[in-house]
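Structure below is data38.cif: mmCIF, C-alpha atoms.
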```cif
data_data
loop_
_atom_site.label_atom_id
_atom_site.label_comp_id
_atom_site.auth_asym_id
_atom_site.auth_seq_id
_atom_site.Cartn_x
_atom_site.Cartn_y
_atom_site.Cartn_z
CA MET A 1 6.93 13.22 -22.78
CA ALA A 2 3.29 12.65 -21.94
CA ASP A 3 0.60 14.95 -23.29
CA THR A 4 -3.01 15.51 -22.27
CA SER A 5 -4.36 13.03 -24.78
CA GLY A 6 -2.35 10.14 -23.44
CA GLY A 7 -0.09 9.86 -26.50
CA VAL A 8 3.64 9.65 -25.86
CA ALA A 9 6.39 9.84 -28.48
CA LEU A 10 9.32 7.45 -28.12
CA GLU A 11 11.95 7.38 -30.85
CA GLY A 12 9.44 8.33 -33.53
CA THR A 13 6.74 5.92 -32.34
CA VAL A 14 3.58 7.16 -30.67
CA VAL A 15 2.21 5.02 -27.86
CA ASP A 16 -1.42 6.15 -27.71
CA MET A 17 -2.84 5.14 -24.33
CA PRO A 18 -6.20 6.53 -23.14
CA ALA A 19 -6.19 8.93 -20.22
CA PRO A 20 -7.48 7.36 -16.97
CA HIS A 21 -11.01 8.23 -15.86
CA THR A 22 -10.43 7.88 -12.13
CA SER A 23 -7.67 8.40 -9.63
CA GLU A 24 -6.95 7.27 -6.12
CA ARG A 25 -8.27 9.22 -3.13
CA PRO A 26 -8.23 8.40 0.59
CA VAL A 27 -11.33 7.05 2.27
CA ARG A 28 -12.62 8.17 5.66
CA ALA A 29 -11.93 5.57 8.31
CA ALA A 30 -12.22 5.34 12.10
CA ASN A 31 -9.91 3.69 14.60
CA GLY A 32 -10.66 0.01 14.38
CA PHE A 33 -9.76 -0.81 17.99
CA ALA A 34 -12.21 1.77 19.38
CA VAL A 35 -15.02 0.42 17.18
CA LEU A 36 -14.05 -3.12 18.13
CA GLY A 37 -14.47 -2.20 21.82
CA ILE A 38 -17.89 -0.69 21.18
CA ALA A 39 -18.97 -3.70 19.12
CA THR A 40 -17.81 -6.08 21.83
CA VAL A 41 -19.80 -4.21 24.48
CA LEU A 42 -22.90 -4.26 22.28
CA VAL A 43 -22.61 -7.97 21.51
CA LEU A 44 -21.91 -9.06 25.08
CA GLY A 45 -24.48 -6.61 26.46
CA GLY A 46 -27.06 -7.85 23.98
CA ILE A 47 -26.41 -11.45 25.01
CA ALA A 48 -26.71 -10.55 28.70
CA LEU A 49 -29.91 -8.52 28.18
CA PHE A 50 -31.40 -11.29 26.08
CA ALA A 51 -30.74 -13.85 28.80
CA TRP A 52 -32.18 -11.57 31.45
CA GLY A 53 -35.25 -10.80 29.33
CA ILE A 54 -35.92 -14.50 28.73
CA PHE A 55 -35.53 -15.17 32.43
CA THR A 56 -37.97 -12.36 33.21
CA LEU A 57 -40.53 -13.66 30.76
CA ALA A 58 -40.19 -17.23 32.03
CA ALA A 59 -40.53 -16.21 35.64
CA GLU A 60 -43.41 -13.82 34.88
CA ALA A 61 -41.84 -11.54 37.45
CA GLY A 62 -43.15 -8.44 35.81
CA GLN A 63 -43.91 -6.66 32.61
CA GLY A 64 -41.34 -5.32 30.15
CA GLY A 65 -39.49 -8.56 29.49
CA GLY A 66 -40.39 -8.41 25.79
CA TRP A 67 -38.93 -4.94 25.44
CA VAL A 68 -35.71 -6.14 27.06
CA VAL A 69 -35.46 -8.99 24.57
CA ALA A 70 -36.07 -6.60 21.65
CA VAL A 71 -33.42 -4.17 22.86
CA ALA A 72 -31.01 -7.07 23.39
CA CYS A 73 -31.55 -8.27 19.84
CA LEU A 74 -31.00 -4.78 18.42
CA ALA A 75 -27.79 -4.34 20.45
CA PHE A 76 -26.48 -7.71 19.31
CA ILE A 77 -27.27 -6.99 15.65
CA ALA A 78 -25.69 -3.53 15.90
CA GLY A 79 -22.54 -5.03 17.36
CA VAL A 80 -22.32 -7.64 14.59
CA VAL A 81 -22.88 -5.01 11.91
CA LEU A 82 -20.14 -2.82 13.39
CA CYS A 83 -17.76 -5.78 13.35
CA GLY A 84 -18.45 -6.14 9.62
CA GLY A 85 -16.75 -2.77 9.00
CA LEU A 86 -13.50 -3.74 10.67
CA THR A 87 -10.70 -3.96 8.13
CA ALA A 88 -7.13 -5.07 8.80
CA VAL A 89 -4.58 -3.48 6.45
CA ALA A 90 -1.14 -5.05 6.30
CA PRO A 91 2.01 -3.09 5.39
CA GLY A 92 2.51 -3.05 1.64
CA GLU A 93 -1.21 -3.48 0.98
CA ALA A 94 -4.18 -1.25 0.30
CA ARG A 95 -7.94 -1.75 0.28
CA VAL A 96 -10.06 -0.30 -2.51
CA VAL A 97 -13.47 0.54 -1.04
CA GLN A 98 -16.67 0.46 -3.11
CA LEU A 99 -20.24 1.24 -2.07
CA LEU A 100 -22.94 -0.11 -4.37
CA GLY A 101 -20.46 -0.23 -7.23
CA ARG A 102 -19.21 3.33 -6.72
CA TYR A 103 -15.59 3.95 -5.87
CA VAL A 104 -15.42 5.53 -2.41
CA GLY A 105 -11.68 5.67 -1.77
CA THR A 106 -8.60 3.68 -0.87
CA LEU A 107 -7.48 2.63 2.58
CA ARG A 108 -3.68 2.61 2.86
CA THR A 109 -3.01 3.17 6.58
CA PRO A 110 -1.65 -0.07 8.09
CA GLY A 111 -3.46 -1.50 11.10
CA LEU A 112 -7.06 -2.12 12.12
CA GLN A 113 -9.40 0.41 10.53
CA TRP A 114 -13.17 0.74 10.39
CA VAL A 115 -15.17 1.81 7.36
CA ASN A 116 -18.78 1.60 6.32
CA PRO A 117 -19.73 -2.08 6.89
CA PHE A 118 -21.90 -2.12 3.76
CA THR A 119 -18.96 -1.45 1.45
CA VAL A 120 -16.89 -3.93 -0.52
CA ARG A 121 -13.15 -3.84 0.20
CA ARG A 122 -10.80 -5.32 -2.39
CA ARG A 123 -7.19 -6.03 -1.49
CA VAL A 124 -4.44 -4.59 -3.72
CA SER A 125 -0.75 -5.21 -3.13
CA THR A 126 1.43 -2.09 -3.29
CA ARG A 127 4.69 -3.99 -2.84
CA ILE A 128 7.48 -3.86 -5.40
CA ARG A 129 7.17 -6.71 -7.89
CA ASN A 130 9.36 -8.37 -10.50
CA HIS A 131 8.20 -9.59 -13.87
CA GLU A 132 10.57 -11.59 -16.05
CA THR A 133 9.58 -11.93 -19.67
CA GLU A 134 10.08 -15.21 -21.42
CA VAL A 135 12.97 -15.64 -23.85
CA THR A 136 11.46 -14.13 -27.00
CA LYS A 137 12.67 -14.62 -30.55
CA VAL A 138 12.53 -11.38 -32.57
CA ASN A 139 14.32 -9.77 -35.50
CA ASP A 140 16.66 -6.88 -34.75
CA ALA A 141 16.95 -3.75 -36.89
CA ASP A 142 19.23 -5.59 -39.34
CA GLY A 143 16.77 -8.46 -39.72
CA ASN A 144 18.85 -10.93 -37.74
CA PRO A 145 16.85 -13.29 -35.48
CA ILE A 146 17.82 -12.83 -31.84
CA GLN A 147 16.66 -14.08 -28.46
CA ILE A 148 15.95 -11.55 -25.72
CA ALA A 149 14.47 -11.55 -22.21
CA THR A 150 14.09 -8.78 -19.64
CA VAL A 151 13.21 -8.23 -16.00
CA VAL A 152 10.81 -5.40 -15.14
CA VAL A 153 10.60 -4.01 -11.60
CA TRP A 154 7.26 -2.29 -11.01
CA GLN A 155 4.85 -1.13 -8.33
CA VAL A 156 1.21 -0.05 -8.12
CA ARG A 157 1.10 3.71 -7.51
CA ASP A 158 -2.64 4.33 -8.05
CA THR A 159 -4.90 1.57 -6.76
CA ALA A 160 -8.05 3.03 -8.29
CA GLN A 161 -6.59 2.99 -11.79
CA ALA A 162 -5.16 -0.50 -11.25
CA MET A 163 -8.59 -1.86 -10.30
CA PHE A 164 -10.90 0.03 -12.64
CA GLU A 165 -8.94 1.03 -15.77
CA VAL A 166 -7.93 -2.50 -16.84
CA ASP A 167 -9.33 -5.97 -16.32
CA ASP A 168 -6.23 -7.49 -14.70
CA PHE A 169 -3.36 -5.11 -14.07
CA VAL A 170 -0.83 -7.92 -13.46
CA GLU A 171 -1.57 -9.52 -16.84
CA PHE A 172 -1.68 -6.07 -18.42
CA VAL A 173 1.85 -5.29 -17.22
CA ALA A 174 3.11 -8.64 -18.50
CA ILE A 175 1.66 -8.16 -21.99
CA GLN A 176 2.75 -4.54 -22.32
CA ALA A 177 6.27 -5.40 -21.14
CA GLU A 178 6.58 -8.07 -23.82
CA THR A 179 5.24 -5.65 -26.44
CA ALA A 180 7.79 -3.00 -25.47
CA VAL A 181 10.62 -5.55 -25.52
CA ARG A 182 9.69 -6.63 -29.05
CA HIS A 183 9.52 -3.01 -30.22
CA ILE A 184 12.86 -2.01 -28.69
CA ALA A 185 14.59 -5.17 -29.94
CA GLY A 186 13.34 -4.53 -33.47
CA SER A 187 14.46 -0.89 -33.40
CA TYR A 188 18.17 -1.50 -32.81
CA PRO A 189 20.75 -3.92 -34.21
CA TYR A 190 22.27 -6.61 -32.04
CA ASP A 191 25.78 -5.35 -32.80
CA ALA A 192 26.87 -2.07 -34.38
CA HIS A 193 29.92 -3.73 -36.06
CA GLY A 194 32.01 -0.60 -35.58
CA GLU A 195 29.36 1.82 -36.86
CA GLN A 196 28.39 4.91 -34.87
CA ARG A 197 24.92 3.81 -33.79
CA LEU A 198 23.25 2.34 -30.74
CA SER A 199 23.17 -1.45 -30.47
CA LEU A 200 21.63 -3.88 -28.05
CA ARG A 201 24.96 -5.41 -27.07
CA ASP A 202 27.18 -2.33 -26.86
CA ASN A 203 24.75 0.23 -25.39
CA ALA A 204 22.95 -1.71 -22.68
CA ASP A 205 22.42 1.29 -20.36
CA GLU A 206 20.83 3.49 -23.03
CA ILE A 207 18.65 0.63 -24.29
CA ASN A 208 17.50 -0.19 -20.75
CA GLU A 209 16.53 3.44 -20.16
CA GLN A 210 14.46 3.55 -23.35
CA LEU A 211 12.88 0.21 -22.49
CA SER A 212 11.89 1.47 -19.02
CA ALA A 213 10.45 4.64 -20.53
CA GLU A 214 8.34 2.78 -23.09
CA ILE A 215 7.01 0.23 -20.60
CA GLY A 216 6.24 3.06 -18.17
CA VAL A 217 4.19 4.86 -20.82
CA ARG A 218 2.31 1.71 -21.76
CA VAL A 219 1.31 0.80 -18.19
CA ALA A 220 0.73 4.32 -16.83
CA ALA A 221 -3.00 4.10 -17.53
CA ALA A 222 -3.19 1.10 -15.17
CA GLY A 223 -1.74 3.08 -12.27
CA VAL A 224 1.60 1.24 -12.43
CA LYS A 225 5.04 2.81 -12.03
CA VAL A 226 8.05 1.13 -13.64
CA ILE A 227 11.07 1.35 -11.34
CA GLU A 228 13.57 -0.37 -13.61
CA SER A 229 13.80 -2.72 -16.55
CA ARG A 230 16.92 -4.55 -17.65
CA ILE A 231 17.86 -6.98 -20.40
CA VAL A 232 18.95 -10.24 -18.75
CA HIS A 233 19.30 -12.47 -21.83
CA LEU A 234 20.54 -11.46 -25.26
CA ALA A 235 21.88 -13.81 -27.91
CA TYR A 236 21.63 -14.62 -31.58
CA ALA A 237 19.08 -17.25 -32.50
CA PRO A 238 20.56 -20.78 -32.82
CA GLU A 239 20.21 -20.88 -36.61
CA ILE A 240 22.65 -17.98 -37.12
CA ALA A 241 24.63 -18.12 -33.87
CA HIS A 242 27.52 -20.11 -35.42
CA ALA A 243 27.82 -17.80 -38.42
CA MET A 244 27.75 -14.70 -36.23
CA LEU A 245 30.34 -16.23 -33.93
CA ARG A 246 32.66 -16.76 -36.89
CA ARG A 247 32.06 -13.18 -37.94
CA GLN A 248 32.94 -11.90 -34.48
CA GLN A 249 36.03 -14.08 -34.38
CA ALA A 250 37.12 -12.82 -37.79
CA GLY A 251 36.66 -9.24 -36.62
CA ALA A 252 38.72 -9.96 -33.53
CA VAL A 253 41.50 -11.54 -35.61
CA VAL A 254 41.58 -8.56 -37.96
CA ALA A 255 41.71 -6.11 -35.04
CA ALA A 256 44.51 -8.11 -33.40
CA ARG A 257 46.51 -8.28 -36.63
CA GLN A 258 46.13 -4.55 -37.08
CA ARG A 259 47.56 -3.91 -33.63
CA ILE A 260 50.43 -6.33 -34.30
CA VAL A 261 51.32 -4.67 -37.59
CA GLU A 262 51.22 -1.21 -36.02
CA GLY A 263 53.55 -2.39 -33.24
CA ALA A 264 55.88 -4.16 -35.65
CA VAL A 265 56.24 -1.09 -37.87
CA GLY A 266 57.14 1.00 -34.85
CA MET A 267 59.72 -1.52 -33.69
CA VAL A 268 61.33 -1.73 -37.17
CA GLU A 269 61.47 2.05 -37.42
CA MET A 270 63.07 2.26 -33.98
CA ALA A 271 65.64 -0.42 -34.88
CA LEU A 272 66.71 1.39 -38.07
CA THR A 273 66.93 4.70 -36.21
CA LYS A 274 69.10 3.24 -33.45
CA LEU A 275 71.43 1.58 -35.94
CA ALA A 276 71.86 4.85 -37.80
CA GLU A 277 72.38 6.90 -34.63
CA HIS A 278 75.12 4.65 -33.22
CA ASP A 279 76.82 3.92 -36.58
CA VAL A 280 76.60 0.20 -35.95
CA VAL A 281 76.45 -0.66 -39.63
CA GLU A 282 75.85 1.17 -42.86
CA LEU A 283 73.07 -0.22 -45.01
CA ASP A 284 72.11 0.81 -48.49
CA GLU A 285 68.47 1.00 -49.53
CA GLU A 286 68.39 -2.58 -50.82
CA ARG A 287 69.77 -4.00 -47.56
CA LYS A 288 67.45 -1.81 -45.51
CA ALA A 289 64.53 -3.26 -47.45
CA ALA A 290 65.80 -6.79 -46.79
CA MET A 291 66.23 -6.05 -43.10
CA VAL A 292 62.77 -4.54 -42.86
CA SER A 293 61.34 -7.61 -44.59
CA ASN A 294 63.10 -9.98 -42.20
CA LEU A 295 62.07 -8.01 -39.09
CA MET A 296 58.45 -7.86 -40.23
CA VAL A 297 58.41 -11.62 -40.79
CA VAL A 298 59.80 -12.20 -37.32
CA LEU A 299 57.47 -9.75 -35.56
CA VAL A 300 54.25 -10.35 -37.47
CA GLY A 301 54.46 -14.09 -38.08
CA ASP A 302 52.31 -16.26 -35.84
CA ARG A 303 54.91 -19.07 -35.77
CA ASP A 304 58.42 -19.19 -34.40
CA THR A 305 61.08 -18.29 -36.98
CA GLN A 306 64.02 -20.54 -37.81
CA PRO A 307 67.32 -18.62 -37.47
CA VAL A 308 69.84 -18.86 -40.31
CA VAL A 309 73.53 -18.18 -39.57
CA ASN A 310 75.21 -16.21 -42.35
CA THR A 311 78.90 -17.25 -42.53
CA GLY A 312 79.68 -15.16 -45.59
CA THR A 313 79.72 -11.45 -46.17
CA LEU A 314 76.83 -9.09 -45.62
CA TYR A 315 75.98 -9.19 -49.34
CA GLN A 316 76.02 -12.98 -49.74
#
```
File written out as structure tokens:
Amino acid sequence: MADTSGGVALEGTVVDMPAPHTSERPVRAANGFAVLGIATVLVLGGIALFAWGIFTLAAEAGQGGGWVVAVACLAFIAGVVLCGGLTAVAPGEARVVQLLGRYVGTLRTPGLQWVNPFTVRRRVSTRIRNHETEVTKVNDADGNPIQIATVVVWQVRDTAQAMFEVDDFVEFVAIQAETAVRHIAGSYPYDAHGEQRLSLRDNADEINEQLSAEIGVRVAAAGVKVIESRIVHLAYAPEIAHAMLRRQQAGAVVAARQRIVEGAVGMVEMALTKLAEHDVVELDEERKAAMVSNLMVVLVGDRDTQPVVNTGTLYQ
């Protein structure tokens, strides 16, 4: 959980990120279409007045032509300056507004807006983005080299922090995501091998949740929200992949043999019980042992047995 100092504890590790110094706030804006109409009237009116003033001065029809030209120039300049404040905001985008280096606010309302024409407006995308880390070679908790890659789904939630708290928030997210992946991969084994502990292969959901939490803590200072992160590639490194594959195969063979033996013992026990219940044949302890041995060979053996026909007595 986050504290006031920016430090967050995750599985015994403290991610100490500084607290942000600024936060997003809305900026005052006017309807852009209304201002566009006013600016158009001023520009066209200024052009018309300028032409009329020049005509008046050329014709020497009367005094005041110079004042008309001056007013026309002022109207034209005012219209051009007003047009400089028009800002088009597309859906999924925001504009961070600065005046003389000072953060004024953020414009998020889609459409044509008008703000102070002397401000600087920087475009920031607020759409949901994907970042896929490269296949990274790390050592897991057991020291085995593994290869891992993840996909992080993220979105800018605070445009002011994204623009002013870090140099490049896109690069910042990429680096912090890779750092978190390396830390998580080194904190857990690739495979638990039957032990009661979390592993990268067997507990994907829990690992993904912890990975999302750690990346979210690392990028929170940049105004970024992590929606989801998921491991998309996980494998042993090539130099030990063959040995680990043989180990997994051996474990599978042992588990299969164990199930076969358990089933065979049950079948032998059932056969002896049925024979005794129906008085099919009476067997002493030595012959029971021989029968059990033969049944176990038939049931447990991985090859077909060769039948032998006994033409003598039961004890020959």
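Nearest to Glu93 (chain A) of all the residues A:Thr126, A:Gln258, A:Asn203, A:Gln161 is A:Thr126, counting all atoms listed in the file.
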Could you write out as a tab-separated table (two decimals) with C-alpha atoms, in the coordinates of the input the residues that the PyMOL selection byres ((chain A and resi 40-46) around 8) matches in the shown file?
```tsv
chain	number	residue	atom	x	y	z
A	36	LEU	CA	-14.05	-3.12	18.13
A	37	GLY	CA	-14.47	-2.20	21.82
A	38	ILE	CA	-17.89	-0.69	21.18
A	39	ALA	CA	-18.97	-3.70	19.12
A	47	ILE	CA	-26.41	-11.45	25.01
A	48	ALA	CA	-26.71	-10.55	28.70
A	49	LEU	CA	-29.91	-8.52	28.18
A	50	PHE	CA	-31.40	-11.29	26.08
A	71	VAL	CA	-33.42	-4.17	22.86
A	72	ALA	CA	-31.01	-7.07	23.39
A	73	CYS	CA	-31.55	-8.27	19.84
A	74	LEU	CA	-31.00	-4.78	18.42
A	75	ALA	CA	-27.79	-4.34	20.45
A	76	PHE	CA	-26.48	-7.71	19.31
A	77	ILE	CA	-27.27	-6.99	15.65
A	78	ALA	CA	-25.69	-3.53	15.90
A	79	GLY	CA	-22.54	-5.03	17.36
A	80	VAL	CA	-22.32	-7.64	14.59
```
Quiz item: What residues have an atom no more than 12 Å from (-16.1, -10.5, 7.9) in the file's own frame, counting all atoms listed in the file, and can you write them as a ChimeraX atom specification?
Solution: /A:80-88,114,117-121
File dump, residues just selected, C-alpha atoms, as a short mmCIF file (atom, residue, chain, number, x, y, z; two decimals), in the coordinates of the input:
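What ended up in out.cif:
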```cif
data_model
loop_
_atom_site.label_atom_id
_atom_site.label_comp_id
_atom_site.auth_asym_id
_atom_site.auth_seq_id
_atom_site.Cartn_x
_atom_site.Cartn_y
_atom_site.Cartn_z
CA VAL A 80 -22.32 -7.64 14.59
CA VAL A 81 -22.88 -5.01 11.91
CA LEU A 82 -20.14 -2.82 13.39
CA CYS A 83 -17.76 -5.78 13.35
CA GLY A 84 -18.45 -6.14 9.62
CA GLY A 85 -16.75 -2.77 9.00
CA LEU A 86 -13.50 -3.74 10.67
CA THR A 87 -10.70 -3.96 8.13
CA ALA A 88 -7.13 -5.07 8.80
CA TRP A 114 -13.17 0.74 10.39
CA PRO A 117 -19.73 -2.08 6.89
CA PHE A 118 -21.90 -2.12 3.76
CA THR A 119 -18.96 -1.45 1.45
CA VAL A 120 -16.89 -3.93 -0.52
CA ARG A 121 -13.15 -3.84 0.20
#
```
Hey, what comes out of the PyMOL selection byres ((chain A and resi 224) around 7) on this file? Could you write it as a short mmCIF file (atom, residue, chain, number, x, y, z; two decimals) with C-alpha atoms, in the coordinates of the input?
```cif
data_model
loop_
_atom_site.label_atom_id
_atom_site.label_comp_id
_atom_site.auth_asym_id
_atom_site.auth_seq_id
_atom_site.Cartn_x
_atom_site.Cartn_y
_atom_site.Cartn_z
CA TRP A 154 7.26 -2.29 -11.01
CA GLN A 155 4.85 -1.13 -8.33
CA VAL A 156 1.21 -0.05 -8.12
CA ARG A 157 1.10 3.71 -7.51
CA ASP A 158 -2.64 4.33 -8.05
CA VAL A 219 1.31 0.80 -18.19
CA ALA A 220 0.73 4.32 -16.83
CA ALA A 222 -3.19 1.10 -15.17
CA GLY A 223 -1.74 3.08 -12.27
CA LYS A 225 5.04 2.81 -12.03
CA VAL A 226 8.05 1.13 -13.64
#
```
Quiz prompt | Nearby residues (all atoms listed in the file) at most 12 Å from Lys137 (chain A), same-chain spacing under 5 positions excluded, as a ChimeraX atom specification | solution = /A:143-149,178,181-182,185-186,233-239
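When CA of Asn139 (chain A) is paired with CA of Arg218 (chain A), their separation reads 21.6 Å.
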Quiz item: Written as a PyMOL selection string, what is the full residue list that the PyMOL selection byres ((chain A and resi 26-28) around 6) yields on the file shown?
Solution: chain A and resi 25+29+105-107
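Closest approach to Val35 (chain A) among A:Val170, A:Ala180, A:Val115, A:Val96: A:Val115, based on only C-alpha atoms.
Every protein or nucleic acid residue with an atom no more than 10 Å from Pro91 (chain A), counting all atoms listed in the file and leaving out same-chain residues fewer than 3 positions away, appears here: A:Ala88, A:Ala94, A:Arg108, A:Thr109, A:Pro110, A:Gly111, A:Ser125, A:Thr126, A:Arg127.
One finds CA of Ile175 (chain A) at 19.2 Å from CA of Thr159 (chain A).
Here CA of Ile215 (chain A) and CA of Arg95 (chain A) stand 25.8 Å from one another.
Among the candidates A:Met270, A:Val124, A:Val153, A:Ala51, the residue lying nearest to Ala177 (chain A) is A:Val153 (atoms considered: all atoms listed in the file).
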Repair of region 159-187 of chain A at the level of N, CA and C atoms, as a CSV table (one decimal), in the frame of the given file:
```
chain,number,residue,atom,x,y,z
A,159,THR,N,-4.1,2.8,-6.9
A,159,THR,CA,-4.9,1.6,-6.8
A,159,THR,C,-6.2,1.7,-7.5
A,160,ALA,N,-6.8,2.9,-7.6
A,160,ALA,CA,-8.0,3.0,-8.3
A,160,ALA,C,-7.9,2.7,-9.8
A,161,GLN,N,-6.8,3.3,-10.4
A,161,GLN,CA,-6.6,3.0,-11.8
A,161,GLN,C,-6.2,1.5,-12.0
A,162,ALA,N,-5.5,0.9,-11.1
A,162,ALA,CA,-5.2,-0.5,-11.2
A,162,ALA,C,-6.4,-1.4,-11.2
A,163,MET,N,-7.4,-1.0,-10.4
A,163,MET,CA,-8.6,-1.9,-10.3
A,163,MET,C,-9.6,-1.6,-11.4
A,164,PHE,N,-9.8,-0.3,-11.8
A,164,PHE,CA,-10.9,0.0,-12.6
A,164,PHE,C,-10.6,0.4,-14.1
A,165,GLU,N,-9.3,0.6,-14.4
A,165,GLU,CA,-8.9,1.0,-15.8
A,165,GLU,C,-8.6,-0.2,-16.7
A,166,VAL,N,-8.2,-1.3,-16.1
A,166,VAL,CA,-7.9,-2.5,-16.8
A,166,VAL,C,-8.6,-3.7,-16.1
A,167,ASP,N,-8.7,-4.8,-16.9
A,167,ASP,CA,-9.3,-6.0,-16.3
A,167,ASP,C,-8.4,-6.6,-15.3
A,168,ASP,N,-7.2,-6.9,-15.6
A,168,ASP,CA,-6.2,-7.5,-14.7
A,168,ASP,C,-4.9,-6.8,-14.9
A,169,PHE,N,-4.5,-5.9,-13.9
A,169,PHE,CA,-3.4,-5.1,-14.1
A,169,PHE,C,-2.1,-5.9,-14.1
A,170,VAL,N,-2.0,-7.1,-13.4
A,170,VAL,CA,-0.8,-7.9,-13.5
A,170,VAL,C,-0.6,-8.5,-14.9
A,171,GLU,N,-1.7,-9.0,-15.5
A,171,GLU,CA,-1.6,-9.5,-16.8
A,171,GLU,C,-1.3,-8.4,-17.8
A,172,PHE,N,-1.9,-7.2,-17.6
A,172,PHE,CA,-1.7,-6.1,-18.4
A,172,PHE,C,-0.2,-5.7,-18.4
A,173,VAL,N,0.4,-5.6,-17.3
A,173,VAL,CA,1.8,-5.3,-17.2
A,173,VAL,C,2.7,-6.3,-18.0
A,174,ALA,N,2.4,-7.6,-17.8
A,174,ALA,CA,3.1,-8.6,-18.5
A,174,ALA,C,3.0,-8.5,-20.0
A,175,ILE,N,1.8,-8.3,-20.5
A,175,ILE,CA,1.7,-8.2,-22.0
A,175,ILE,C,2.3,-6.9,-22.5
A,176,GLN,N,2.2,-5.8,-21.8
A,176,GLN,CA,2.8,-4.5,-22.3
A,176,GLN,C,4.3,-4.6,-22.2
A,177,ALA,N,4.8,-5.3,-21.2
A,177,ALA,CA,6.3,-5.4,-21.1
A,177,ALA,C,6.8,-6.2,-22.3
A,178,GLU,N,6.1,-7.3,-22.7
A,178,GLU,CA,6.6,-8.1,-23.8
A,178,GLU,C,6.5,-7.3,-25.1
A,179,THR,N,5.4,-6.5,-25.2
A,179,THR,CA,5.2,-5.6,-26.4
A,179,THR,C,6.4,-4.6,-26.6
A,180,ALA,N,6.7,-4.0,-25.4
A,180,ALA,CA,7.8,-3.0,-25.5
A,180,ALA,C,9.1,-3.7,-25.8
A,181,VAL,N,9.4,-4.8,-25.2
A,181,VAL,CA,10.6,-5.6,-25.5
A,181,VAL,C,10.7,-5.9,-27.0
A,182,ARG,N,9.7,-6.3,-27.6
A,182,ARG,CA,9.7,-6.6,-29.0
A,182,ARG,C,10.0,-5.4,-29.9
A,183,HIS,N,9.3,-4.3,-29.5
A,183,HIS,CA,9.5,-3.0,-30.2
A,183,HIS,C,10.9,-2.5,-30.1
A,184,ILE,N,11.5,-2.5,-28.9
A,184,ILE,CA,12.9,-2.0,-28.7
A,184,ILE,C,13.9,-2.9,-29.4
A,185,ALA,N,13.7,-4.2,-29.3
A,185,ALA,CA,14.6,-5.2,-29.9
A,185,ALA,C,14.6,-5.0,-31.5
A,186,GLY,N,13.4,-4.7,-32.0
A,186,GLY,CA,13.3,-4.5,-33.5
A,186,GLY,C,13.8,-3.2,-34.0
A,187,SER,N,14.1,-2.2,-33.0
A,187,SER,CA,14.5,-0.9,-33.4
A,187,SER,C,16.0,-0.7,-33.4
```
